[in-house]
Amino acid sequence: MIDIKTNFSLCNFNSLQLDHVADYFCEVFNEQDCIEALEFAKEKQLQIQILGEGTNVVFSDDYQGLVIKVSLKGINSNEGLVSIASGESWHESVLWTLKKNLFGLENLSLIPGTVGAAPIQNIGAYGAEISSFIHSVKFLNLNTRKIEEFTNEECQFNYRNSIFKELKDYLILEVKLRLFKKENINISYKSLKDYMEAEGLDLSKATATQVCRCVCELRNTILPDPKKVPNAGSFFKNILITKDEYNDLREIIEVPYHQESKKMVKVSSAFLIEKAGWKGHAEDNVSVSDKHSLVFLSNGKATGKQVMLLADKIIKDVHQKFGVNLIIEPSVI
């Protein structure tokens with residue numbers, strides 16, 4: 001029998017430590033728990049919010065409904081296909097695959113959050129995205145209460161997005177990944193390559209373990225540990241624009257970019273935010289990190305409204321100065 005709590009503080013369940021309250025809260029550890037939680041919500045006619053580690057969400061206010069904290073556990077592999085329960089830590093799962101000599105996820109090391117959250121926004125870093133490795137995603141349909149499974153193609157992945165951001169009425173139970181059985185090193189991302197070269201590593205002989213270590217060290221230099229300094233990681237996505245739009249932007253400012261495709265370019269949101277003068281800016285219990293301008297920091301007393309007010313100011317200012325639109329990366333609830 002699941003334990004339903006009322007008027008429950010979410011402060012310790014989101015990495016910005018926003019002290020908003022949920023009308024109802026429960027934690028689920030298996031599929032039966034999930035079904036019981038749905039039945040409770042149906043009986044009470046409650047809206048539902050699924051929560052992993054809360055590292056990529058912003059509660060803008062108290063939540064009038066049932067928050068379901070997903071804590072399903074389990075990980076195993078069979079012929080290179082790795083099945084991971086949605087409540088497992090993403091980073092610990094990456095380390096597990098490396099110990100089992102299964103490769104491909106090392107560039108995605110140290111990304112905070114659970115495995116279930118990873119396909120929702122198609123997590124990516126240092127030249128890799130999880131969509132390249134996903135075989136399928138198993139989930140519980142919140143409307144039919146039936147277990148379904150989407151193939152990689154059905155997930156409709158694109159940059160920091162998937163069908164799960166549109167569906168809403170689902171609870172991810174398990175993610176299956178197809179990994180390499182031999183090391184297939186990806187050091188295409190400039191900052192990672194430069195860092196490894198500065199470390200004196202022979203890139204022609206680099207190992208997946210070395211890539212994992214360097215990625216972790218790089219992330220630690222720019223992204224504070226949310227357990228020590230409340231934050232939600234990168235608050236804005238990098239900006240995807242056409243080549244023509246990029247050329248227009250260059251008329252205003254020279255900005256770092258990454259060639260995404262023949263027609264599309266990804267430009268650095270952090271660079272534009274910094275050039276607009278927001279790096280290190282602080283107001284009303286919220287600040288922009290002085291180490292990385294994509295990171296919002298909370299002093300532990302911030303409200304969701306204060307966070308969103310600062311975000312709105314930055315979005316408007318960057319658009320006014322550079323003519324591009326910043327897009328918030330975390331889910332705003």
# chains A, B, ... in the order shown; residues from 1 in each chain; ligands from 1
call {"tool": "select_by_dssp", "arguments": {"residues": "range 244-308 of chain A", "states": "helix (DSSP H, G or I)", "output": "PyMOL selection string"}}
result
chain A and resi 244-250+269-275+304-308
call {"tool": "residues_around", "arguments": {"residues": "range 277-285 of chain A", "least_positions_apart": "3", "cutoff": "12 Å", "atoms": "only C-alpha atoms", "output": "PyMOL selection string"}}
result
chain A and resi 16-18+230-231+269-274+288-311+313-315+317-318+321
call {"tool": "closest_residue", "arguments": {"among": "A:Ile172, A:Leu218, A:Leu223, A:Ala85", "to": "Ala198 in chain A", "atoms": "only C-alpha atoms"}}
result
A:Leu218
call {"tool": "residues_around", "arguments": {"residues": "His20 in chain A", "least_positions_apart": "2", "cutoff": "7 Å", "atoms": "only C-alpha atoms", "output": "NGL selection string"}}
result
:A and (9-11 or 18 or 22 or 59 or 61-62)
call {"tool": "closest_residue", "arguments": {"among": "A:Glu329, A:Asp312, A:Glu129, A:Glu154", "to": "Asn186 in chain A", "atoms": "only C-alpha atoms"}}
result
A:Glu129
call {"tool": "select_by_dssp", "arguments": {"residues": "range 103-223 of chain A", "states": "strand (DSSP E or B)", "output": "ChimeraX atom specification"}}
result
/A:103,114,124-125,128-129,134-141,147-151,158,161,170-178,180
call {"tool": "atom_distance", "arguments": {"atom1": "CA of Lys176 in chain A", "atom2": "CA of Leu192 in chain A"}}
result
26.9 Å
call {"tool": "closest_atom_pairs", "arguments": {"of": "range 209-240 of chain A", "to": "range 90-113 of chain A", "cutoff": "8 Å", "atoms": "only C-alpha atoms", "output": "tab-separated table"}}
result
residue	atom	partner	partner_atom	distance
A:Thr209	CA	A:Leu98	CA	7.3
A:Val211	CA	A:Glu106	CA	6.3
A:Cys212	CA	A:Glu106	CA	4.8
A:Val215	CA	A:Asn107	CA	6.3
A:Cys216	CA	A:Leu110	CA	5.8
A:Arg219	CA	A:Leu110	CA	7.3
call {"tool": "closest_residue", "arguments": {"among": "A:Asn7, A:Thr55, A:Gln32, A:Thr144", "to": "Phe235 in chain A", "atoms": "only C-alpha atoms"}}
result
A:Thr55
call {"tool": "closest_residue", "arguments": {"among": "A:Tyr159, A:Phe40, A:Gly233, A:Ile328", "to": "Asn220 in chain A", "atoms": "only C-alpha atoms"}}
result
A:Gly233
call {"tool": "residues_around", "arguments": {"residues": "Lys262 in chain A", "least_positions_apart": "6", "cutoff": "12 Å", "atoms": "only C-alpha atoms", "output": "PyMOL selection string"}}
result
chain A and resi 241-244
call {"tool": "write_last_selection", "arguments": {"atoms": "C-alpha atoms", "output": "PDB file, in the first residue's frame"}}
result
ATOM      1  CA  ILE A 241      19.261  28.689 -35.906  1.00  0.00           C
ATOM      2  CA  THR A 242      19.648  28.518 -39.663  1.00  0.00           C
ATOM      3  CA  LYS A 243      22.854  29.575 -41.377  1.00  0.00           C
ATOM      4  CA  ASP A 244      21.129  32.711 -42.647  1.00  0.00           C
TER       5      ASP A 244
END
